[in-house]
Structures are given as C-alpha cells and as structure tokens.
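Quick notes on the structure that follows.
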Amino acid sequence: MAVTTYILGIVTAALVLLVVIELLRRRHLRERHAIWWLIAGVFALIIGIFPVTLEWAAKLLGIEVPTNLVFFVSIAILFLVCLQHSSELTKLESKTRALAERLAILELEVGESARRDDSAN
Amino acid sequence: MPPRHARTLIVMPAFNEAASVGDVVREVLAKVPGVEVLVVDDGSKDATSRVAREAGALVATLPFNLGVGGAMQVGFKYALENGFDNVVQVDADGQHDPANVPILLAALAEADIVLGARFAGEGDYAVRGPRRWAMVSLAVILSRVAHTKLTDTTSGFKASGPKAVALFAEHYPAEYLGDTIESLVIAARAGQVIRQVPVAMRERAGGVPSHNPFKAAAYLGRAGIALVFALMRPASTYFVGER
Ligand SMILES: Nc1nc2c(ncn2[C@@H]2O[C@H](COP(=O)(O)OP(=O)(O)OP(=O)(O)O)[C@@H](O)[C@H]2O)c(=O)[nH]1
Ligand SMILES: [Mg+2]
C-alpha cells in the first residue's frame, strides 16, 4: 500500500472523529445520536492505522476480499443510523401532535373563560 | 412581615407518583411555612396532577415525558418569571425530608447552590455495586471542579439561590444524568459557589423506584460520558442574558 493512501485513511478517520466530537461539545449533536458515528470513526481509525486488523478480521469471517468487509460494515452502520432516524422522526411526529392537541384545547379553554368573564360583566 | 420563605419555590418533579405526591406536598406546606410548591407532572399516566392540586400545590402538566432535567427547567423558568429568589428541588417520592428545607435555605446565605448530601454522616441511605463506584468517583472529580468537598453529587435534594435560578432557567441539561452531574459542572464553571449539607434520606413512601440493577451497570459508563462532555463544553455555552 502506498504511503499516501495509508495517510489518507488515517487523516479521514481522524477528521470524522474530530467533527463528531466537536458537534457533541457544542451541543449540536446529542449523545444518543452520535454513538453510531463515533463507533464508525473509531473503527475507521483502527483500520487506518493497523490495516492488518482488517485482513485478520476478513480472514476470520471467511471474506476473501478485505475491502468487502469494509463495505459490509459501512452499509450496516448506515442502515442502523437510517433506522434510528426513522424511529426518532416517528417519536417527534407524535410529540408535535400531542403539542398541537394541547394547544388547541388550551386555546379553547382560554377563549371560553374570556367569554364567560365578558358575559359576567 | 411576609412569611419567611415567601420567595422560595419548591419544585417537585413527579413521574407516576400519585401514591406519594399528595402526602409529600402537604408535609412540605406544613413544615416549611409560607412556601409555594410547584409539582411538574412529567406526562404521568396516573392521577399525579389531580392529587397534587388537591394537596394545595401549583401543578404544571407536561404533555409528554421530558425527564427530570426538562421538568426542573420548567420550575426554574416559572420561578424566574414570577419573582421567586430560591428554588428547592424535592423528590415526590417522600425520600427528602421537608424538615431539611430550611437548613438548605439557610446555607444559601453563603452559597449559590446547596446540595443535601446523603452520605455525609446522617442517616443510613446506602447503594452498592457499579452505581456506588460511579457515585464515589463522581464525588471525587466534582469536588475538584467545584472547589469544595462533595460526597453525594447525584442527590436530587438541591437548593438554588438567585444566581443559580437565573443560570438554570436558561441552561438546565435535559440529557440523562445531566440534571445532577452536568448541572453542577455548569454552575461551577459559571463561577457559582457550591456547598453541601448532610441530610438523612428516607425510604420512598410509595410507587416504584426508577432504577433497577440492570440500569445501574449502564449508569457507570453514562455518568463518565456525561462528566467528560460537561467538562469539555465551550464556556460560551453557559452564557446568561442577552447576547
Ligand atoms: N419529571 C420527571 N420526574 C421523574 C422522572 N422519573 C423520576 N422522576 C421523579 O424524580 C424523583 C426521583 O426519582 P426516583 O425514581 O425516586 O429516583 P432516585 O431517588 O434517584 O432513586 P431511588 O433511590 O430508587 O429512589 C421523583 O420525584 C420522581 O417522581 C421523569 O421521567 N420525569
Ligand atoms: Mg427516590
């Protein structure tokens, strides 16, 4: 493997980790949303620094071309993140719905009590 | 002269505590004269709101569960907007003895935040296993951050003075464990004075505890992560007032 490729791998992984941690630090990302990105970044960094770990893991799983393992794990992580987002979206939708319902009832109650006050005077 | 504690708001986060919240509210009103009690019902499935209101508390009912942090921030915001100087958090399960509230308030004379600490010699409250190790190491680290000796940093029994109320109305963490660990880091980094006073902890009066042994193991790791990120946050995160 060329030295440039080796360095490119490490730099990319380190950059990913740095961005995720900085986002966490500034509260632009919540802990539970960051967990998959952190795991992916750590894996990428380990493989970047020690390419033999990838070959070893591929052999262990009986995968002939080691890069296929990278593709497999990447797709699996992306799939999990997508799934998590869909589930979060569902939760958010039901929460906005609950808020809208509360607001409608409150508005009704405030209007009613204002009307009652008016007719009492 | 107005009652001694007229400018103090007791905030009680409550999640499915209908079995105990009524008695706790009545006990607080009896033992801390003149105080106002705000129960924040965090989307409970039981009669928590009704029971609390009947016992004489103000009740804020959240449409869904926000966690203790979100519920407490409602309390701090309400206190700030309605001219309360101090906020005291008291658990709705009856574990905090309201008789200690005046002791915490008295200690606010020399501090911005006063913790009611459970392991400081009073009473016999005990936890074991990973949760205990987490609590001990947290206490050591947070003592250094806060420049004072703290033995129980995850206590929910806390009094906040005017400076802390203003800070927490804007920056009360809603993450898991944020309401205890991160809130102390935020206060310490904002230059506020933190003190602890020993209190005895009672058995819960009813309902079920929110922790089990399985959760306790995860507690250790998450407490560590919460602490690391709280310490890493840029200081500008904790700015209070207009920018
Ligand atoms: N707002 C809010 N309050 C909660 C939630 N879960 C628990 N609480 C309240 O927080 C207080 C403390 O909860 P507990 O379950 O007793 O937790 P703990 O005192 O740390 O643990 P124990 O030692 O098991 O009692 C009680 O007043 C609960 O009603 C929640 O999701 N939202
Ligand atoms: Mg409790």
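Here, A, B, ... name the chains of the structure tokens in the order displayed, residue numbers run from 1 inside each chain, and ligands are numbered from 1 in the same displayed order.
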Q: Skip stretch 48-60 of chain B itself and residues of its chain fewer than 5 positions away, then list as a ChimeraX atom specification all residues within 9 Å of it, counting only C-alpha atoms.
A: /B:14-26,29,36-42,71,74-75
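Residues within 10 Å of stretch 26-29 of chain A, counting only C-alpha atoms and excluding same-chain residues fewer than 2 positions away, are Val20, Ile21, Glu22, Leu23, Leu24, Glu31, Arg32, His33 and Ala34 of chain A; Phe229, Met232, Arg233, Pro234, Ala235, Ser236 and Thr237 of chain B.
Counting only C-alpha atoms, the residue from B:Val90, B:Ala200, B:Ala190, B:Leu231 that sits nearest to chain A is B:Leu231.
With only C-alpha atoms as the atoms that count, the minimum distance from chain B to the choices A:Glu101, A:Glu93, A:Glu55, A:Glu88 is reached by A:Glu101.
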Q: Set the cut-off to 8 Å, count only C-alpha atoms and all ligand atoms, and list whatever residues fall near ligand 1 as a PyMOL selection string.
A: chain B and resi 12-17+40-43+65-72+90-95+154-156+203-204+208-212
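All residues of protein, DNA or RNA that reach within 9 Å of B:Ala146, judged by only C-alpha atoms and not counting those fewer than 4 positions away in the chain, are B:Ile141, B:Leu142, B:Leu150, B:Leu184, B:Val185, B:Ala187, B:Ala188, B:Arg189, B:Gly191, B:Gln192, B:Val193, B:Ile194, B:Arg195.
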Kindly save the residues from that selection, with N, CA and C atoms included, as a tab-separated table (two decimals), in the first residue's frame.
chain	number	residue	atom	x	y	z
B	141	ILE	N	-14.20	13.69	41.57
B	141	ILE	CA	-13.91	14.59	40.45
B	141	ILE	C	-14.67	15.92	40.59
B	142	LEU	N	-15.95	15.82	40.92
B	142	LEU	CA	-16.75	17.05	41.00
B	142	LEU	C	-16.32	17.94	42.17
B	150	LEU	N	-17.47	17.52	48.16
B	150	LEU	CA	-18.80	16.99	47.88
B	150	LEU	C	-18.75	15.47	48.03
B	184	LEU	N	-24.09	20.64	37.97
B	184	LEU	CA	-23.05	21.08	38.91
B	184	LEU	C	-21.84	21.64	38.16
B	185	VAL	N	-21.48	20.96	37.07
B	185	VAL	CA	-20.34	21.45	36.28
B	185	VAL	C	-20.67	22.83	35.70
B	187	ALA	N	-22.71	25.07	36.85
B	187	ALA	CA	-22.69	26.08	37.91
B	187	ALA	C	-21.25	26.42	38.32
B	188	ALA	N	-20.42	25.38	38.48
B	188	ALA	CA	-19.04	25.61	38.90
B	188	ALA	C	-18.30	26.43	37.85
B	189	ARG	N	-18.52	26.09	36.58
B	189	ARG	CA	-17.82	26.81	35.52
B	189	ARG	C	-18.34	28.22	35.34
B	191	GLY	N	-18.80	30.02	37.77
B	191	GLY	CA	-18.24	30.73	38.92
B	191	GLY	C	-19.16	30.76	40.14
B	192	GLN	N	-20.15	29.86	40.20
B	192	GLN	CA	-21.05	29.87	41.34
B	192	GLN	C	-20.51	29.01	42.48
B	193	VAL	N	-20.91	29.37	43.69
B	193	VAL	CA	-20.41	28.69	44.89
B	193	VAL	C	-21.33	27.51	45.23
B	194	ILE	N	-20.72	26.32	45.36
B	194	ILE	CA	-21.49	25.11	45.66
B	194	ILE	C	-21.11	24.60	47.04
B	195	ARG	N	-22.09	24.25	47.85
B	195	ARG	CA	-21.83	23.70	49.19
B	195	ARG	C	-22.72	22.48	49.40
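For the residues A:Ala14, A:Leu60, A:Ala114, A:Lys91, ranking by smallest atom-to-atom distance to chain B using only C-alpha atoms places A:Lys91 first.
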Q. So which one's closest to ligand 2, B:Lys31, B:Leu115, B:Leu138, B:Asp97? Using only C-alpha atoms and all ligand atoms, please.
A. B:Asp97
Residues of chain A within 8 Å of chain B: nearest atom pair and distance (Å, one decimal) for each, counting only C-alpha atoms, sorted by chain and number, as JSON lines?
{"residue": "A:Leu24", "atom": "CA", "partner": "B:Phe229", "partner_atom": "CA", "distance": 7.7}
{"residue": "A:Arg25", "atom": "CA", "partner": "B:Arg233", "partner_atom": "CA", "distance": 4.9}
{"residue": "A:Arg26", "atom": "CA", "partner": "B:Arg233", "partner_atom": "CA", "distance": 6.3}
{"residue": "A:Lys95", "atom": "CA", "partner": "B:Phe64", "partner_atom": "CA", "distance": 7.2}
{"residue": "A:Ala98", "atom": "CA", "partner": "B:Pro63", "partner_atom": "CA", "distance": 6.5}
{"residue": "A:Leu99", "atom": "CA", "partner": "B:Pro63", "partner_atom": "CA", "distance": 6.7}
{"residue": "A:Arg102", "atom": "CA", "partner": "B:Pro63", "partner_atom": "CA", "distance": 7.1}
Restrict the selected residues to all heavy atoms and save them as a PDB file, in the first residue's frame.
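Wrote out_39.pdb, looks like this:
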ATOM      1  N   LEU A  24     -20.649  17.340  19.308  1.00  0.00           N
ATOM      2  CA  LEU A  24     -21.137  16.938  20.630  1.00  0.00           C
ATOM      3  C   LEU A  24     -20.836  18.027  21.648  1.00  0.00           C
ATOM      4  O   LEU A  24     -21.661  18.387  22.472  1.00  0.00           O
ATOM      5  CB  LEU A  24     -20.421  15.662  21.067  1.00  0.00           C
ATOM      6  CG  LEU A  24     -21.094  14.337  20.743  1.00  0.00           C
ATOM      7  CD1 LEU A  24     -20.150  13.196  21.066  1.00  0.00           C
ATOM      8  CD2 LEU A  24     -22.374  14.185  21.547  1.00  0.00           C
ATOM      9  N   ARG A  25     -19.595  18.521  21.580  1.00  0.00           N
ATOM     10  CA  ARG A  25     -19.122  19.506  22.526  1.00  0.00           C
ATOM     11  C   ARG A  25     -19.970  20.780  22.459  1.00  0.00           C
ATOM     12  O   ARG A  25     -20.284  21.389  23.461  1.00  0.00           O
ATOM     13  CB  ARG A  25     -17.669  19.832  22.185  1.00  0.00           C
ATOM     14  CG  ARG A  25     -16.813  20.292  23.327  1.00  0.00           C
ATOM     15  CD  ARG A  25     -15.380  20.346  22.880  1.00  0.00           C
ATOM     16  NE  ARG A  25     -15.111  21.556  22.137  1.00  0.00           N
ATOM     17  CZ  ARG A  25     -14.718  22.703  22.700  1.00  0.00           C
ATOM     18  NH1 ARG A  25     -14.544  22.774  23.991  1.00  0.00           N
ATOM     19  NH2 ARG A  25     -14.493  23.760  21.961  1.00  0.00           N
ATOM     20  N   ARG A  26     -20.356  21.150  21.249  1.00  0.00           N
ATOM     21  CA  ARG A  26     -21.141  22.378  21.078  1.00  0.00           C
ATOM     22  C   ARG A  26     -22.633  22.133  21.182  1.00  0.00           C
ATOM     23  O   ARG A  26     -23.426  23.014  20.873  1.00  0.00           O
ATOM     24  CB  ARG A  26     -20.846  23.001  19.714  1.00  0.00           C
ATOM     25  CG  ARG A  26     -19.450  23.538  19.630  1.00  0.00           C
ATOM     26  CD  ARG A  26     -19.141  24.093  18.272  1.00  0.00           C
ATOM     27  NE  ARG A  26     -17.752  24.495  18.236  1.00  0.00           N
ATOM     28  CZ  ARG A  26     -17.332  25.687  18.674  1.00  0.00           C
ATOM     29  NH1 ARG A  26     -18.197  26.568  19.106  1.00  0.00           N
ATOM     30  NH2 ARG A  26     -16.052  25.973  18.659  1.00  0.00           N
ATOM     31  N   LYS A  95     -44.980  13.604  19.175  1.00  0.00           N
ATOM     32  CA  LYS A  95     -44.864  14.680  20.167  1.00  0.00           C
ATOM     33  C   LYS A  95     -45.436  15.996  19.648  1.00  0.00           C
ATOM     34  O   LYS A  95     -46.109  16.702  20.383  1.00  0.00           O
ATOM     35  CB  LYS A  95     -43.401  14.878  20.569  1.00  0.00           C
ATOM     36  CG  LYS A  95     -42.928  13.796  21.508  1.00  0.00           C
ATOM     37  CD  LYS A  95     -41.524  14.028  21.963  1.00  0.00           C
ATOM     38  CE  LYS A  95     -41.112  12.941  22.958  1.00  0.00           C
ATOM     39  NZ  LYS A  95     -39.730  13.114  23.399  1.00  0.00           N
ATOM     40  N   ALA A  98     -49.088  15.738  19.931  1.00  0.00           N
ATOM     41  CA  ALA A  98     -49.547  15.950  21.304  1.00  0.00           C
ATOM     42  C   ALA A  98     -49.529  17.443  21.657  1.00  0.00           C
ATOM     43  O   ALA A  98     -50.446  17.948  22.307  1.00  0.00           O
ATOM     44  CB  ALA A  98     -48.673  15.162  22.263  1.00  0.00           C
ATOM     45  N   LEU A  99     -48.486  18.149  21.213  1.00  0.00           N
ATOM     46  CA  LEU A  99     -48.403  19.595  21.487  1.00  0.00           C
ATOM     47  C   LEU A  99     -49.547  20.352  20.822  1.00  0.00           C
ATOM     48  O   LEU A  99     -50.165  21.221  21.424  1.00  0.00           O
ATOM     49  CB  LEU A  99     -47.066  20.153  20.987  1.00  0.00           C
ATOM     50  CG  LEU A  99     -45.860  19.937  21.883  1.00  0.00           C
ATOM     51  CD1 LEU A  99     -44.606  20.493  21.229  1.00  0.00           C
ATOM     52  CD2 LEU A  99     -46.087  20.598  23.229  1.00  0.00           C
ATOM     53  N   ARG A 102     -52.751  19.776  22.685  1.00  0.00           N
ATOM     54  CA  ARG A 102     -52.749  20.532  23.945  1.00  0.00           C
ATOM     55  C   ARG A 102     -53.068  22.001  23.662  1.00  0.00           C
ATOM     56  O   ARG A 102     -53.862  22.633  24.348  1.00  0.00           O
ATOM     57  CB  ARG A 102     -51.372  20.445  24.526  1.00  0.00           C
ATOM     58  CG  ARG A 102     -50.973  19.918  25.875  1.00  0.00           C
ATOM     59  CD  ARG A 102     -51.910  19.247  26.742  1.00  0.00           C
ATOM     60  NE  ARG A 102     -52.561  20.216  27.613  1.00  0.00           N
ATOM     61  CZ  ARG A 102     -53.759  20.053  28.116  1.00  0.00           C
ATOM     62  NH1 ARG A 102     -54.452  18.968  27.870  1.00  0.00           N
ATOM     63  NH2 ARG A 102     -54.278  20.945  28.888  1.00  0.00           N
TER      64      ARG A 102
END
Q | Test item: residues at most 8 Å from stretch 1-7 of chain A, only C-alpha atoms, excluding those fewer than 2 positions along its chain, as a ChimeraX atom specification | A | /A:9-11,48-49
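One finds atom CA of B:Arg118 at 26.3 Å from atom CA of B:Gly34.
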Q.
Just list as a list in words whatever in stretch 13-47 of chain B DSSP marks as alpha helix (DSSP H).
A. Ala18, Ala19, Ser20, Val21, Gly22, Asp23, Val24, Val25, Arg26, Glu27, Val28, Leu29, Ala30 and Lys31 of chain B
